[in-house]
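Source file run27.txt; content: compact mmCIF, C-alpha atoms and all ligand atoms.
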```
# COMPACT_ATOMS: atom_id res chain seq x y z
CA MET F 1 -15.79 -133.14 44.55
CA PRO F 2 -14.21 -129.79 45.36
CA SER F 3 -10.55 -130.17 46.21
CA LYS F 4 -10.91 -127.73 49.11
CA THR F 5 -12.01 -130.37 51.62
CA GLU F 6 -10.31 -133.42 50.14
CA ASN F 7 -8.41 -134.15 53.35
CA LEU F 8 -11.54 -134.35 55.51
CA THR F 9 -14.76 -136.27 54.95
CA LYS F 10 -18.12 -134.68 55.77
CA LYS F 11 -18.40 -137.02 58.72
CA GLU F 12 -15.01 -135.96 60.05
CA ILE F 13 -15.89 -132.29 59.68
CA LEU F 14 -19.16 -132.84 61.54
CA ALA F 15 -17.29 -134.57 64.39
CA LEU F 16 -14.83 -131.67 64.58
CA LYS F 17 -17.67 -129.17 64.45
CA LYS F 18 -19.25 -130.91 67.43
CA LYS F 19 -15.95 -130.61 69.30
CA LEU F 20 -15.73 -126.92 68.43
CA LEU F 21 -19.24 -126.28 69.71
CA GLU F 22 -18.58 -128.21 72.92
CA ARG F 23 -15.40 -126.24 73.52
CA LYS F 24 -17.22 -123.01 72.80
CA GLU F 25 -19.87 -123.87 75.37
CA ALA F 26 -17.20 -124.78 77.96
CA ILE F 27 -15.46 -121.42 77.43
CA MET F 28 -18.73 -119.51 77.69
CA ARG F 29 -19.39 -121.26 80.99
CA LYS F 30 -15.89 -120.43 82.26
CA MET F 31 -16.17 -116.84 81.13
CA ARG F 32 -19.35 -116.41 83.12
CA GLN F 33 -17.58 -117.96 86.10
CA TYR F 34 -14.50 -115.73 85.71
CA TYR F 35 -16.73 -112.73 85.44
CA GLN F 36 -18.49 -113.56 88.70
CA GLU F 37 -15.15 -114.17 90.42
CA SER F 38 -13.70 -110.90 89.20
CA GLN F 39 -16.79 -109.11 90.50
CA GLU F 40 -16.10 -110.68 93.89
CA VAL F 41 -12.44 -109.62 93.75
CA GLU F 42 -13.62 -106.10 92.97
CA ALA F 43 -15.83 -106.14 96.05
CA ASN F 44 -12.97 -107.33 98.26
CA ILE F 45 -10.53 -104.60 97.18
CA ALA F 46 -12.21 -101.90 99.25
CA GLN F 47 -12.44 -104.23 102.19
CA ASP F 48 -8.86 -104.84 103.23
CA THR F 49 -5.83 -102.72 102.32
CA VAL F 50 -3.35 -105.31 103.65
CA ASP F 51 -4.48 -107.82 101.06
CA ARG F 52 -4.49 -105.29 98.26
CA ALA F 53 -1.34 -106.50 96.46
CA GLU F 54 -2.47 -110.08 96.50
CA THR F 55 -5.96 -109.15 95.39
CA SER F 56 -4.78 -107.15 92.41
CA TYR F 57 -2.53 -110.02 91.42
CA THR F 58 -5.49 -112.41 91.50
CA LYS F 59 -7.52 -109.96 89.47
CA GLU F 60 -4.84 -109.69 86.80
CA PHE F 61 -4.59 -113.46 86.67
CA LEU F 62 -8.32 -113.76 86.11
CA LEU F 63 -8.22 -111.18 83.35
CA LEU F 64 -5.32 -112.97 81.71
CA LEU F 65 -7.22 -116.24 81.68
CA THR F 66 -10.23 -114.53 80.26
CA ASP F 67 -8.11 -113.08 77.46
CA ALA F 68 -6.73 -116.51 76.58
CA GLU F 69 -10.21 -117.99 76.57
CA ARG F 70 -11.49 -115.08 74.50
CA GLU F 71 -8.74 -115.63 71.97
CA GLN F 72 -9.64 -119.29 71.71
CA LEU F 73 -13.31 -118.43 71.41
CA ASP F 74 -12.42 -116.15 68.52
CA LEU F 75 -10.49 -118.95 66.81
CA ILE F 76 -13.42 -121.34 67.35
CA ASN F 77 -15.85 -118.86 65.78
CA GLN F 78 -13.53 -118.41 62.82
CA ALA F 79 -13.24 -122.20 62.42
CA LEU F 80 -17.04 -122.54 62.50
CA ARG F 81 -17.31 -119.89 59.79
CA ARG F 82 -14.74 -121.76 57.69
CA ILE F 83 -16.81 -124.95 58.05
CA GLU F 84 -19.88 -123.07 56.77
CA ALA F 85 -17.81 -121.66 53.88
CA GLY F 86 -16.37 -125.08 53.01
CA GLU F 87 -12.84 -123.85 53.65
CA TYR F 88 -12.23 -125.68 56.88
CA GLY F 89 -9.03 -127.67 57.45
CA HIS F 90 -6.70 -125.53 55.37
CA CYS F 91 -3.91 -123.31 56.64
CA GLN F 92 -4.83 -119.61 56.57
CA ILE F 93 -1.30 -118.68 55.51
CA CYS F 94 -0.01 -121.28 53.03
CA GLY F 95 -3.34 -122.94 52.09
CA GLN F 96 -2.02 -126.45 52.68
CA PRO F 97 -4.30 -128.98 54.42
CA ILE F 98 -3.86 -129.06 58.20
CA SER F 99 -3.18 -132.61 59.40
CA LYS F 100 -6.13 -134.53 60.82
CA LYS F 101 -4.11 -135.34 63.91
CA ARG F 102 -3.61 -131.64 64.58
CA LEU F 103 -7.28 -130.85 64.00
CA GLU F 104 -8.34 -133.60 66.38
CA ILE F 105 -6.27 -131.99 69.15
CA MET F 106 -6.99 -128.38 68.14
CA PRO F 107 -10.05 -128.27 65.86
CA TRP F 108 -9.85 -124.45 65.95
CA ALA F 109 -6.28 -124.39 64.57
CA PRO F 110 -6.15 -121.77 61.78
CA LEU F 111 -2.62 -122.67 60.68
CA CYS F 112 -0.65 -125.76 59.73
CA ILE F 113 2.09 -126.81 62.11
CA GLU F 114 4.88 -125.25 60.00
CA CYS F 115 3.20 -121.84 59.79
CA GLN F 116 2.22 -121.99 63.47
CA GLN F 117 5.81 -122.64 64.52
CA LYS F 118 7.06 -119.89 62.26
CA LYS F 119 4.51 -117.47 63.75
CA GLU F 120 5.43 -118.45 67.31
CA LYS F 121 9.11 -117.97 66.53
CA GLU F 122 8.40 -114.49 65.16
CA GLU F 123 6.33 -113.60 68.22
CA GLN F 124 9.09 -114.91 70.46
CA GLU F 125 11.63 -112.74 68.66
CA GLU F 126 9.37 -109.72 69.02
CA LYS F 127 9.09 -110.36 72.75
CA GLU F 128 12.87 -110.60 73.04
CA ILE F 129 13.28 -107.29 71.25
CA GLU F 130 10.76 -105.72 73.63
CA ARG F 131 12.61 -107.15 76.61
CA GLU F 132 15.90 -105.73 75.36
CA ARG F 133 14.26 -102.35 75.00
CA GLU F 134 13.07 -102.53 78.59
CA ILE F 135 16.60 -103.23 79.80
CA LEU F 136 17.92 -100.24 77.85
ZN ZN H 201 0.70 -123.24 56.55
```

So, in terms of structure tokens, how does the structure I just supplied come out?
Ligand SMILES: [Zn+2]
Amino acid sequence: MPSKTENLTKKEILALKKKLLERKEAIMRKMRQYYQESQEVEANIAQDTVDRAETSYTKEFLLLLTDAEREQLDLINQALRRIEAGEYGHCQICGQPISKKRLEIMPWAPLCIECQQKKEKEEQEEKEIEREREIL
């Protein structure tokens, strides 16, 4: 047996793959819905100048959601590729197995919890630096 997938059985990987595909389908559905809604927002902008501020806020919100969904979709596609390559379930930074518990909640997780937290902390620090720059 290759040591690459020692923490997950074939059956477990198949169950997670099913979850990934279901999630992917749900996002695709939502994306189509968001797209239709944003088209409607677009149509309303010309209609009423009083509501313009509110409308553009709604539009930004929709775009933001779409970005988050797109990001997740990307992670799902990467996870599906890792399943095909037999590399699924291992952290993309340190190579350690990602815990089953974590994969059950987030089957698309590319990183183990330690690396994820470290990454989030770094991103948080970057945001703080940006915010300080804005103040100056
Ligand atoms: Zn890691």

May I ask you to write as a short mmCIF file (atom, residue, chain, number, x, y, z; two decimals) with C-alpha atoms, in the frame of the given file all residues lying at most 9 Å from ligand ZN 201 (chain H), with only C-alpha atoms and all ligand atoms counted?
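New file result.cif:
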```
data_model
loop_
_atom_site.label_atom_id
_atom_site.label_comp_id
_atom_site.auth_asym_id
_atom_site.auth_seq_id
_atom_site.Cartn_x
_atom_site.Cartn_y
_atom_site.Cartn_z
CA HIS F 90 -6.70 -125.53 55.37
CA CYS F 91 -3.91 -123.31 56.64
CA GLN F 92 -4.83 -119.61 56.57
CA ILE F 93 -1.30 -118.68 55.51
CA CYS F 94 -0.01 -121.28 53.03
CA GLY F 95 -3.34 -122.94 52.09
CA GLN F 96 -2.02 -126.45 52.68
CA PRO F 97 -4.30 -128.98 54.42
CA ILE F 98 -3.86 -129.06 58.20
CA PRO F 110 -6.15 -121.77 61.78
CA LEU F 111 -2.62 -122.67 60.68
CA CYS F 112 -0.65 -125.76 59.73
CA ILE F 113 2.09 -126.81 62.11
CA GLU F 114 4.88 -125.25 60.00
CA CYS F 115 3.20 -121.84 59.79
CA GLN F 116 2.22 -121.99 63.47
#
```

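Our summary of the geometry notes that CA of Lys119 (chain F) is positioned 17.6 Å from CA of Asp74 (chain F).
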
*Rounded to one decimal in Å, what is the spacing between CA of Asn7 (chain F) and CA of Ala26 (chain F)?*
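That distance, rounded to one decimal, is 27.8 Å.
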
*Find the spatial neighbours of Pro107 (chain F), counting all atoms listed in the file, within a cut-off of 10 Å - ignore same-chain residues fewer than 2 positions away - and output them as JSON, numbers by chain.*
{"F": [13, 15, 16, 17, 18, 19, 20, 23, 75, 76, 79, 80, 88, 89, 98, 100, 101, 102, 103, 104, 105, 109, 110]}

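One distance worth recording is that between CA of Arg70 (chain F) and CA of Lys24 (chain F), which is 9.9 Å.
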
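Comparing the minimum interatomic distances between Glu12 (chain F) and each of F:Glu40, F:Ile83, F:Glu71, F:Lys121, counting all atoms listed in the file, we find that F:Ile83 sits nearest.
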
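Nearest to Tyr34 (chain F) of all the residues F:Glu120, F:Glu69, F:Glu22, F:Glu132 is F:Glu69, counting all atoms listed in the file.
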
Could region 107-125 of chain F be completed with N, CA and C atoms and written as a CSV table (one decimal), keeping the file's coordinate frame, please?
```
chain,number,residue,atom,x,y,z
F,107,PRO,N,-9.2,-128.5,67.0
F,107,PRO,CA,-10.0,-128.3,65.9
F,107,PRO,C,-10.2,-126.8,65.4
F,108,TRP,N,-9.8,-125.9,66.3
F,108,TRP,CA,-9.8,-124.4,66.0
F,108,TRP,C,-8.6,-123.9,65.3
F,109,ALA,N,-7.6,-124.8,65.1
F,109,ALA,CA,-6.3,-124.4,64.6
F,109,ALA,C,-6.4,-123.7,63.2
F,110,PRO,N,-6.0,-122.4,63.1
F,110,PRO,CA,-6.2,-121.8,61.8
F,110,PRO,C,-4.9,-122.0,60.9
F,111,LEU,N,-3.9,-122.5,61.4
F,111,LEU,CA,-2.6,-122.7,60.7
F,111,LEU,C,-2.1,-124.1,60.7
F,112,CYS,N,-1.3,-124.5,59.7
F,112,CYS,CA,-0.6,-125.8,59.7
F,112,CYS,C,0.5,-125.7,60.7
F,113,ILE,N,1.1,-126.8,61.1
F,113,ILE,CA,2.1,-126.8,62.1
F,113,ILE,C,3.3,-126.0,61.7
F,114,GLU,N,3.7,-126.0,60.4
F,114,GLU,CA,4.9,-125.2,60.0
F,114,GLU,C,4.7,-123.7,60.2
F,115,CYS,N,3.5,-123.3,59.7
F,115,CYS,CA,3.2,-121.8,59.8
F,115,CYS,C,3.0,-121.4,61.2
F,116,GLN,N,2.4,-122.3,62.1
F,116,GLN,CA,2.2,-122.0,63.5
F,116,GLN,C,3.6,-121.8,64.2
F,117,GLN,N,4.5,-122.7,63.9
F,117,GLN,CA,5.8,-122.6,64.5
F,117,GLN,C,6.5,-121.4,64.1
F,118,LYS,N,6.4,-121.1,62.8
F,118,LYS,CA,7.1,-119.9,62.3
F,118,LYS,C,6.5,-118.6,62.9
F,119,LYS,N,5.2,-118.6,63.1
F,119,LYS,CA,4.5,-117.5,63.8
F,119,LYS,C,5.0,-117.3,65.2
F,120,GLU,N,5.0,-118.5,65.9
F,120,GLU,CA,5.4,-118.4,67.3
F,120,GLU,C,6.9,-118.0,67.5
F,121,LYS,N,7.7,-118.4,66.5
F,121,LYS,CA,9.1,-118.0,66.5
F,121,LYS,C,9.2,-116.5,66.3
F,122,GLU,N,8.4,-115.9,65.4
F,122,GLU,CA,8.4,-114.5,65.2
F,122,GLU,C,7.9,-113.7,66.4
F,123,GLU,N,6.9,-114.3,67.0
F,123,GLU,CA,6.3,-113.6,68.2
F,123,GLU,C,7.3,-113.6,69.4
F,124,GLN,N,8.0,-114.8,69.5
F,124,GLN,CA,9.1,-114.9,70.5
F,124,GLN,C,10.2,-113.9,70.2
F,125,GLU,N,10.6,-113.7,69.0
F,125,GLU,CA,11.6,-112.7,68.7
F,125,GLU,C,11.2,-111.3,69.0
```
